[in-house]
file structure-v5.pdb (PDB, C-alpha atoms, pLDDT in the B column)
ATOM      1  CA  MET A 122       0.000   0.000   0.000  1.00 47.00           C
ATOM      2  CA  ASN A 123       1.062   3.525  -0.693  1.00 55.00           C
ATOM      3  CA  LYS A 124       0.498   6.704   1.248  1.00 78.00           C
ATOM      4  CA  THR A 125      -3.077   7.600   2.026  1.00 91.00           C
ATOM      5  CA  LYS A 126      -4.440  10.476  -0.044  1.00 95.00           C
ATOM      6  CA  MET A 127      -7.548  12.523   0.580  1.00 95.00           C
ATOM      7  CA  VAL A 128      -9.200  14.683  -2.059  1.00 96.00           C
ATOM      8  CA  TYR A 129     -12.279  16.868  -1.625  1.00 96.00           C
ATOM      9  CA  PHE A 130     -14.311  17.813  -4.679  1.00 97.00           C
ATOM     10  CA  GLU A 131     -16.027  20.964  -3.475  1.00 96.00           C
ATOM     11  CA  LYS A 132     -18.457  21.443  -6.358  1.00 97.00           C
ATOM     12  CA  GLU A 133     -19.803  17.893  -5.997  1.00 97.00           C
ATOM     13  CA  ASP A 134     -19.305  17.765  -2.186  1.00 97.00           C
ATOM     14  CA  ILE A 135     -17.489  14.426  -2.456  1.00 98.00           C
ATOM     15  CA  LEU A 136     -14.645  13.326  -0.200  1.00 96.00           C
ATOM     16  CA  HIS A 137     -12.436  10.574  -1.588  1.00 97.00           C
ATOM     17  CA  LEU A 138      -9.934   8.735   0.568  1.00 96.00           C
ATOM     18  CA  SER A 139      -7.405   6.594  -1.336  1.00 97.00           C
ATOM     19  CA  LEU A 140      -5.553   3.948   0.637  1.00 96.00           C
ATOM     20  CA  SER A 141      -3.804   2.541  -2.430  1.00 94.00           C
ATOM     21  CA  ASP A 142      -3.239   3.443  -6.059  1.00 91.00           C
ATOM     22  CA  GLU A 143      -4.424  -0.011  -7.148  1.00 94.00           C
ATOM     23  CA  LEU A 144      -7.211  -0.255  -9.691  1.00 94.00           C
ATOM     24  CA  GLU A 145     -10.740  -0.624  -8.381  1.00 96.00           C
ATOM     25  CA  GLY A 146     -12.143  -4.099  -8.910  1.00 97.00           C
ATOM     26  CA  GLY A 147     -15.463  -3.496  -7.210  1.00 97.00           C
ATOM     27  CA  SER A 148     -17.254  -1.579  -4.525  1.00 98.00           C
ATOM     28  CA  ILE A 149     -19.656  -2.034  -1.639  1.00 98.00           C
ATOM     29  CA  GLU A 150     -22.230   0.534  -0.581  1.00 98.00           C
ATOM     30  CA  LEU A 151     -21.852   0.823   3.189  1.00 97.00           C
ATOM     31  CA  SER A 152     -24.660   3.356   3.542  1.00 94.00           C
ATOM     32  CA  PRO A 153     -26.572   5.555   1.087  1.00 94.00           C
ATOM     33  CA  ASN A 154     -23.682   8.051   0.857  1.00 95.00           C
ATOM     34  CA  ILE A 155     -20.614   5.945   1.664  1.00 97.00           C
ATOM     35  CA  THR A 156     -18.957   3.489  -0.705  1.00 98.00           C
ATOM     36  CA  ALA A 157     -15.990   1.230   0.016  1.00 98.00           C
ATOM     37  CA  GLU A 158     -13.789   0.670  -3.036  1.00 98.00           C
ATOM     38  CA  LEU A 159     -12.086  -2.722  -3.347  1.00 98.00           C
ATOM     39  CA  ASN A 160      -9.268  -4.136  -5.444  1.00 97.00           C
ATOM     40  CA  ASP A 161      -9.551  -7.433  -7.356  1.00 97.00           C
ATOM     41  CA  LYS A 162      -8.687  -9.355  -4.153  1.00 96.00           C
ATOM     42  CA  GLY A 163     -11.563  -7.727  -2.238  1.00 96.00           C
ATOM     43  CA  GLU A 164      -9.215  -5.572  -0.151  1.00 96.00           C
ATOM     44  CA  LEU A 165     -10.161  -2.024   0.794  1.00 97.00           C
ATOM     45  CA  ILE A 166      -8.374   0.542  -1.383  1.00 97.00           C
ATOM     46  CA  GLY A 167     -10.565   3.613  -0.951  1.00 97.00           C
ATOM     47  CA  ILE A 168     -13.646   5.247   0.507  1.00 97.00           C
ATOM     48  CA  GLU A 169     -15.962   7.706  -1.195  1.00 98.00           C
ATOM     49  CA  ILE A 170     -18.328   9.918   0.803  1.00 97.00           C
ATOM     50  CA  LEU A 171     -21.128  11.789  -0.969  1.00 97.00           C
ATOM     51  CA  ASN A 172     -22.588  14.909   0.694  1.00 96.00           C
ATOM     52  CA  ALA A 173     -19.330  14.954   2.605  1.00 96.00           C
ATOM     53  CA  SER A 174     -19.759  18.315   4.322  1.00 94.00           C
ATOM     54  CA  ASN A 175     -22.984  17.173   6.012  1.00 94.00           C
ATOM     55  CA  PHE A 176     -21.490  13.797   6.901  1.00 92.00           C
ATOM     56  CA  ILE A 177     -18.394  15.331   8.489  1.00 91.00           C
ATOM     57  CA  ARG A 178     -20.433  17.960  10.342  1.00 92.00           C
ATOM     58  CA  ASP A 179     -22.883  15.367  11.683  1.00 90.00           C
ATOM     59  CA  SER A 180     -20.092  12.959  12.674  1.00 89.00           C
ATOM     60  CA  ILE A 181     -18.233  15.670  14.578  1.00 91.00           C
ATOM     61  CA  LEU A 182     -21.399  16.863  16.313  1.00 90.00           C
ATOM     62  CA  GLU A 183     -22.294  13.315  17.388  1.00 89.00           C
ATOM     63  CA  SER A 184     -18.783  12.773  18.725  1.00 89.00           C
ATOM     64  CA  VAL A 185     -18.758  16.059  20.616  1.00 90.00           C
ATOM     65  CA  GLN A 186     -22.216  15.418  22.071  1.00 87.00           C
ATOM     66  CA  ALA A 187     -21.144  11.971  23.275  1.00 86.00           C
ATOM     67  CA  LYS A 188     -18.019  13.421  24.900  1.00 85.00           C
ATOM     68  CA  MET A 189     -20.035  16.213  26.511  1.00 87.00           C
ATOM     69  CA  LEU A 190     -22.461  13.686  27.991  1.00 83.00           C
ATOM     70  CA  GLN A 191     -19.540  11.755  29.481  1.00 81.00           C
ATOM     71  CA  PHE A 192     -18.035  14.982  30.822  1.00 76.00           C
ATOM     72  CA  VAL A 193     -21.283  16.133  32.410  1.00 68.00           C
ATOM     73  CA  ARG A 194     -21.773  12.782  34.186  1.00 61.00           C
ATOM     74  CA  VAL A 195     -18.333  12.863  35.819  1.00 53.00           C
TER      75      VAL A 195
END

call {"tool": "encode", "arguments": {"input": "structure-v5.pdb", "output": "structure tokens"}}
result
Amino acid sequence: MNKTKMVYFEKEDILHLSLSDELEGGSIELSPNITAELNDKGELIGIEILNASNFIRDSILESVQAKMLQFVRV
């Protein structure tokens, strides 16, 4: 595997994370906006996130809220 690369396509709001420069042999839809890209051996080589800005925002908010709940309980 090569270095991980991340590219954001602002106009389309797509975040693409490449774990390898191997050719894509297939893909699996993990959720409506997240696709795992696989090589011919079925190994993960990339991840594509559609509507990335909303996904990142929501993920961060959920994480922060969970941490805040833990903090408040202590």

call {"tool": "resolve_selection", "arguments": {"input": "structure-v5.pdb", "expression": "the PyMOL selection byres ((chain A and resi 142) around 10)", "output": "ChimeraX atom specification"}}
result
/A:122-126,139-141,143-145,160,166-167

call {"tool": "closest_residue", "arguments": {"input": "structure-v5.pdb", "among": "A:Asp179, A:Glu133, A:Glu169, A:Glu158", "to": "Gly146 in chain A", "atoms": "all atoms listed in the file"}}
result
A:Glu158

call {"tool": "closest_residue", "arguments": {"input": "structure-v5.pdb", "among": "A:Ala187, A:Lys132, A:Glu164, A:Ile170", "to": "Leu151 in chain A", "atoms": "all atoms listed in the file"}}
result
A:Ile170

call {"tool": "residues_around", "arguments": {"input": "structure-v5.pdb", "residues": "Glu131 in chain A", "least_positions_apart": "2", "cutoff": "12 Å", "atoms": "all atoms listed in the file", "output": "mmCIF file with C-alpha atoms, in the frame of the given file"}}
result
data_model
loop_
_atom_site.group_PDB
_atom_site.id
_atom_site.type_symbol
_atom_site.label_atom_id
_atom_site.label_comp_id
_atom_site.auth_asym_id
_atom_site.auth_seq_id
_atom_site.Cartn_x
_atom_site.Cartn_y
_atom_site.Cartn_z
ATOM 1 C CA VAL A 128 -9.200 14.683 -2.059
ATOM 2 C CA TYR A 129 -12.279 16.868 -1.625
ATOM 3 C CA GLU A 133 -19.803 17.893 -5.997
ATOM 4 C CA ASP A 134 -19.305 17.765 -2.186
ATOM 5 C CA ILE A 135 -17.489 14.426 -2.456
ATOM 6 C CA LEU A 136 -14.645 13.326 -0.200
ATOM 7 C CA HIS A 137 -12.436 10.574 -1.588
ATOM 8 C CA LEU A 171 -21.128 11.789 -0.969
ATOM 9 C CA ASN A 172 -22.588 14.909 0.694
ATOM 10 C CA ALA A 173 -19.330 14.954 2.605
ATOM 11 C CA SER A 174 -19.759 18.315 4.322
#

call {"tool": "closest_residue", "arguments": {"input": "structure-v5.pdb", "among": "A:Phe176, A:Ile181, A:Phe192, A:Gly147", "to": "Leu159 in chain A", "atoms": "only C-alpha atoms"}}
result
A:Gly147

call {"tool": "atom_distance", "arguments": {"input": "structure-v5.pdb", "atom1": "CA of Leu138 in chain A", "atom2": "CA of Lys162 in chain A"}}
result
18.7 Å

call {"tool": "atom_distance", "arguments": {"input": "structure-v5.pdb", "atom1": "CA of Asp161 in chain A", "atom2": "CA of Phe130 in chain A"}}
result
25.8 Å

call {"tool": "atom_distance", "arguments": {"input": "structure-v5.pdb", "atom1": "CA of Val185 in chain A", "atom2": "CA of Ile155 in chain A"}}
result
21.6 Å

call {"tool": "axis_aligned_box", "arguments": {"input": "structure-v5.pdb", "around": "range 168-179 of chain A", "padding_each_side": "4 Å", "output": "lines of an AutoDock Vina configuration file"}}
result
center_x = -18.3
center_y = 11.8
center_z = 5.2
size_x = 17.3
size_y = 21.1
size_z = 20.9
